[in-house]
$ cat structure.pdb   # PDB, C-alpha atoms
ATOM      1  CA  MET A  82       0.000   0.000   0.000  1.00  0.00           C
ATOM      2  CA  ARG A  83       1.281   3.494  -0.811  1.00  0.00           C
ATOM      3  CA  CYS A  84       1.389   6.166   1.844  1.00  0.00           C
ATOM      4  CA  TYR A  85       1.874   9.781   0.707  1.00  0.00           C
ATOM      5  CA  VAL A  86       3.439  12.236   3.180  1.00  0.00           C
ATOM      6  CA  ASP A  87       4.912  15.747   3.358  1.00  0.00           C
ATOM      7  CA  TYR A  88       7.893  16.229   5.689  1.00  0.00           C
ATOM      8  CA  THR A  89       6.556  19.582   6.903  1.00  0.00           C
ATOM      9  CA  CYS A  90       3.146  18.189   7.908  1.00  0.00           C
ATOM     10  CA  GLY A  91       2.541  17.296  11.548  1.00  0.00           C
ATOM     11  CA  HIS A  92      -0.089  14.709  10.591  1.00  0.00           C
ATOM     12  CA  SER A  93       2.354  13.011   8.221  1.00  0.00           C
ATOM     13  CA  TYR A  94       4.985  12.956  10.961  1.00  0.00           C
ATOM     14  CA  ARG A  95       2.584  11.340  13.428  1.00  0.00           C
ATOM     15  CA  LEU A  96       1.606   8.737  10.820  1.00  0.00           C
ATOM     16  CA  TRP A  97       5.282   7.980  10.127  1.00  0.00           C
ATOM     17  CA  SER A  98       6.042   7.754  13.852  1.00  0.00           C
ATOM     18  CA  TRP A  99       3.166   5.368  14.405  1.00  0.00           C
ATOM     19  CA  LEU A 100       3.664   3.078  11.389  1.00  0.00           C
ATOM     20  CA  ARG A 101       7.449   2.937  11.039  1.00  0.00           C
ATOM     21  CA  GLY A 102       7.903   0.298  13.722  1.00  0.00           C
ATOM     22  CA  LEU A 103       5.120  -1.976  12.499  1.00  0.00           C
ATOM     23  CA  ASN A 104       7.093  -3.273   9.506  1.00  0.00           C
ATOM     24  CA  THR A 105       3.952  -3.020   7.417  1.00  0.00           C
ATOM     25  CA  GLY A 106       5.672  -2.979   4.039  1.00  0.00           C
ATOM     26  CA  LEU A 107       4.216   0.417   3.175  1.00  0.00           C
ATOM     27  CA  ASP A 108       5.482   2.106   0.030  1.00  0.00           C
ATOM     28  CA  TRP A 109       6.296   5.608   1.335  1.00  0.00           C
ATOM     29  CA  ARG A 110       5.967   8.442  -1.174  1.00  0.00           C
ATOM     30  CA  THR A 111       6.460  12.164  -0.736  1.00  0.00           C
ATOM     31  CA  PHE A 112       4.492  15.069  -2.162  1.00  0.00           C
ATOM     32  CA  SER A 113       4.206  18.810  -1.573  1.00  0.00           C
ATOM     33  CA  LEU A 114       1.238  20.106   0.406  1.00  0.00           C
ATOM     34  CA  LYS A 115       2.156  23.613  -0.766  1.00  0.00           C
ATOM     35  CA  GLU A 116       1.714  22.525  -4.380  1.00  0.00           C
ATOM     36  CA  VAL A 117      -1.526  20.619  -3.796  1.00  0.00           C
ATOM     37  CA  ASN A 118      -3.109  23.490  -1.840  1.00  0.00           C
ATOM     38  CA  ARG A 119      -1.951  26.467  -3.917  1.00  0.00           C
ATOM     39  CA  GLU A 120      -4.442  28.778  -5.579  1.00  0.00           C
ATOM     40  CA  PRO A 121      -4.547  28.629  -9.412  1.00  0.00           C
ATOM     41  CA  ASP A 122      -3.038  32.115  -9.713  1.00  0.00           C
ATOM     42  CA  GLU A 123      -0.178  31.396  -7.284  1.00  0.00           C
ATOM     43  CA  PRO A 124       3.239  30.291  -8.558  1.00  0.00           C
ATOM     44  CA  ARG A 125       4.010  26.589  -8.422  1.00  0.00           C
ATOM     45  CA  ALA A 126       5.756  25.450  -5.242  1.00  0.00           C
ATOM     46  CA  PHE A 127       8.482  23.822  -7.348  1.00  0.00           C
ATOM     47  CA  GLU A 128       9.434  27.181  -8.848  1.00  0.00           C
ATOM     48  CA  ASN A 129      10.696  28.303  -5.433  1.00  0.00           C
ATOM     49  CA  LEU A 130      14.104  26.643  -5.494  1.00  0.00           C
ATOM     50  CA  GLY A 131      14.959  28.263  -2.156  1.00  0.00           C
ATOM     51  CA  SER A 132      12.167  26.363  -0.389  1.00  0.00           C
ATOM     52  CA  ILE A 133      13.447  23.894   2.194  1.00  0.00           C
ATOM     53  CA  SER A 134      10.383  21.675   1.707  1.00  0.00           C
ATOM     54  CA  VAL A 135      11.006  21.504  -2.077  1.00  0.00           C
ATOM     55  CA  LEU A 136      14.634  20.539  -1.411  1.00  0.00           C
ATOM     56  CA  ALA A 137      13.538  17.823   1.038  1.00  0.00           C
ATOM     57  CA  LEU A 138      11.129  16.466  -1.571  1.00  0.00           C
ATOM     58  CA  ALA A 139      13.788  16.475  -4.311  1.00  0.00           C
ATOM     59  CA  LEU A 140      16.283  14.702  -2.051  1.00  0.00           C
ATOM     60  CA  SER A 141      13.706  12.055  -1.160  1.00  0.00           C
ATOM     61  CA  HIS A 142      13.328  11.260  -4.850  1.00  0.00           C
ATOM     62  CA  ALA A 143      17.112  11.110  -5.255  1.00  0.00           C
ATOM     63  CA  ALA A 144      17.338   8.780  -2.258  1.00  0.00           C
ATOM     64  CA  ARG A 145      14.689   6.422  -3.620  1.00  0.00           C
ATOM     65  CA  ASN A 146      17.377   4.300  -5.293  1.00  0.00           C
ATOM     66  CA  ALA A 147      19.722   4.408  -2.301  1.00  0.00           C
ATOM     67  CA  GLY A 148      18.878   4.652   1.392  1.00  0.00           C
ATOM     68  CA  PHE A 149      15.380   6.087   1.080  1.00  0.00           C
ATOM     69  CA  LEU A 150      14.035   4.855   4.408  1.00  0.00           C
ATOM     70  CA  ARG A 151      17.121   6.141   6.245  1.00  0.00           C
ATOM     71  CA  TYR A 152      16.745   9.560   4.593  1.00  0.00           C
ATOM     72  CA  HIS A 153      12.974   9.528   5.025  1.00  0.00           C
ATOM     73  CA  GLY A 154      13.160   8.938   8.772  1.00  0.00           C
ATOM     74  CA  ALA A 155      16.051  11.351   9.303  1.00  0.00           C
ATOM     75  CA  ALA A 156      14.281  14.112   7.348  1.00  0.00           C
ATOM     76  CA  PHE A 157      11.068  13.663   9.348  1.00  0.00           C
ATOM     77  CA  GLU A 158      12.979  13.761  12.636  1.00  0.00           C
ATOM     78  CA  ALA A 159      14.926  16.857  11.573  1.00  0.00           C
ATOM     79  CA  PHE A 160      11.842  18.793  10.451  1.00  0.00           C
ATOM     80  CA  HIS A 161       9.960  18.053  13.641  1.00  0.00           C
ATOM     81  CA  ALA A 162      12.859  18.548  16.057  1.00  0.00           C
ATOM     82  CA  GLY A 163      13.304  22.191  15.087  1.00  0.00           C
ATOM     83  CA  ARG A 164      14.536  24.442  12.344  1.00  0.00           C
ATOM     84  CA  VAL A 165      16.134  22.681   9.356  1.00  0.00           C
ATOM     85  CA  ALA A 166      18.715  24.261   7.061  1.00  0.00           C
ATOM     86  CA  GLU A 167      19.599  23.267   3.515  1.00  0.00           C
ATOM     87  CA  GLU A 168      22.978  21.994   4.708  1.00  0.00           C
ATOM     88  CA  ASP A 169      21.260  19.697   7.231  1.00  0.00           C
ATOM     89  CA  LEU A 170      19.217  18.005   4.508  1.00  0.00           C
ATOM     90  CA  LEU A 171      22.253  17.578   2.250  1.00  0.00           C
ATOM     91  CA  VAL A 172      24.140  15.884   5.095  1.00  0.00           C
ATOM     92  CA  LEU A 173      21.184  13.578   5.793  1.00  0.00           C
ATOM     93  CA  ALA A 174      20.971  12.642   2.116  1.00  0.00           C
ATOM     94  CA  ALA A 175      24.712  11.941   1.938  1.00  0.00           C
ATOM     95  CA  GLN A 176      24.521   9.762   5.047  1.00  0.00           C
ATOM     96  CA  ALA A 177      21.626   7.814   3.524  1.00  0.00           C
ATOM     97  CA  GLY A 178      23.706   7.065   0.414  1.00  0.00           C
TER      98      GLY A 178
END

$ encode --input "structure.pdb" --output "structure tokens"
Amino acid sequence: MRCYVDYTCGHSYRLWSWLRGLNTGLDWRTFSLKEVNREPDEPRAFENLGSISVLALALSHAARNAGFLRYHGAAFEAFHAGRVAEEDLLVLAAQAG
């Protein structure tokens, strides 16, 4: 079963925290809440290359062929432990492979 989450979303974080230890075989996927909820006249979320949430999403796709679950968990923990910088996410991605 696929489970779609956004690293910046508190509900997604609670879902991840609850399900990660159950070894359910979920297929975790990421998406952007900013993009889904934008007004038609607003710029696309992906056009804001300085957005930390867009970077986190891009890195999750890059990590899909490497250590996705390691990156996925580390990114969630970082976002919900406090302020996250671009450098933090790049380190997490490198550590995940």

$ closest_residue --input "structure.pdb" --among "A:Trp109, A:Tyr85, A:Tyr94, A:Trp99" --to "Glu158 of chain A" --atoms "all atoms listed in the file"
A:Tyr94

$ atom_distance --input "structure.pdb" --atom1 "atom CA of Ala175 of chain A" --atom2 "atom CA of Val117 of chain A"
28.2 Å

$ residues_near_point --input "structure.pdb" --point "(23.7, 11.0, 2.0)" --cutoff "12 Å" --atoms "only C-alpha atoms" --output "list in words"
Leu140, Ser141, Ala143, Ala144, Arg145, Asn146, Ala147, Gly148, Phe149, Leu150, Arg151, Tyr152, His153, Ala155, Ala156, Glu168, Asp169, Leu170, Leu171, Val172, Leu173, Ala174, Ala175, Gln176, Ala177 and Gly178 of chain A

$ resolve_selection --input "structure.pdb" --expression "the PyMOL selection byres ((chain A and resi 138) around 9)" --output "PyMOL selection string"
chain A and resi 87-88+111-113+133-137+139-143

$ write_last_selection --input "structure.pdb" --atoms "C-alpha atoms" --output "mmCIF file, keeping the file's coordinate frame"
data_model
loop_
_atom_site.group_PDB
_atom_site.id
_atom_site.type_symbol
_atom_site.label_atom_id
_atom_site.label_comp_id
_atom_site.auth_asym_id
_atom_site.auth_seq_id
_atom_site.Cartn_x
_atom_site.Cartn_y
_atom_site.Cartn_z
ATOM 1 C CA ASP A 87 4.912 15.747 3.358
ATOM 2 C CA TYR A 88 7.893 16.229 5.689
ATOM 3 C CA THR A 111 6.460 12.164 -0.736
ATOM 4 C CA PHE A 112 4.492 15.069 -2.162
ATOM 5 C CA SER A 113 4.206 18.810 -1.573
ATOM 6 C CA ILE A 133 13.447 23.894 2.194
ATOM 7 C CA SER A 134 10.383 21.675 1.707
ATOM 8 C CA VAL A 135 11.006 21.504 -2.077
ATOM 9 C CA LEU A 136 14.634 20.539 -1.411
ATOM 10 C CA ALA A 137 13.538 17.823 1.038
ATOM 11 C CA ALA A 139 13.788 16.475 -4.311
ATOM 12 C CA LEU A 140 16.283 14.702 -2.051
ATOM 13 C CA SER A 141 13.706 12.055 -1.160
ATOM 14 C CA HIS A 142 13.328 11.260 -4.850
ATOM 15 C CA ALA A 143 17.112 11.110 -5.255
#

$ atom_distance --input "structure.pdb" --atom1 "atom CA of Leu107 of chain A" --atom2 "atom CA of His92 of chain A"
16.7 Å

$ atom_distance --input "structure.pdb" --atom1 "atom CA of Glu167 of chain A" --atom2 "atom CA of Ser132 of chain A"
8.9 Å

$ closest_residue --input "structure.pdb" --among "A:Lys115, A:Arg110, A:His161, A:Arg125" --to "Arg95 of chain A" --atoms "only C-alpha atoms"
A:His161
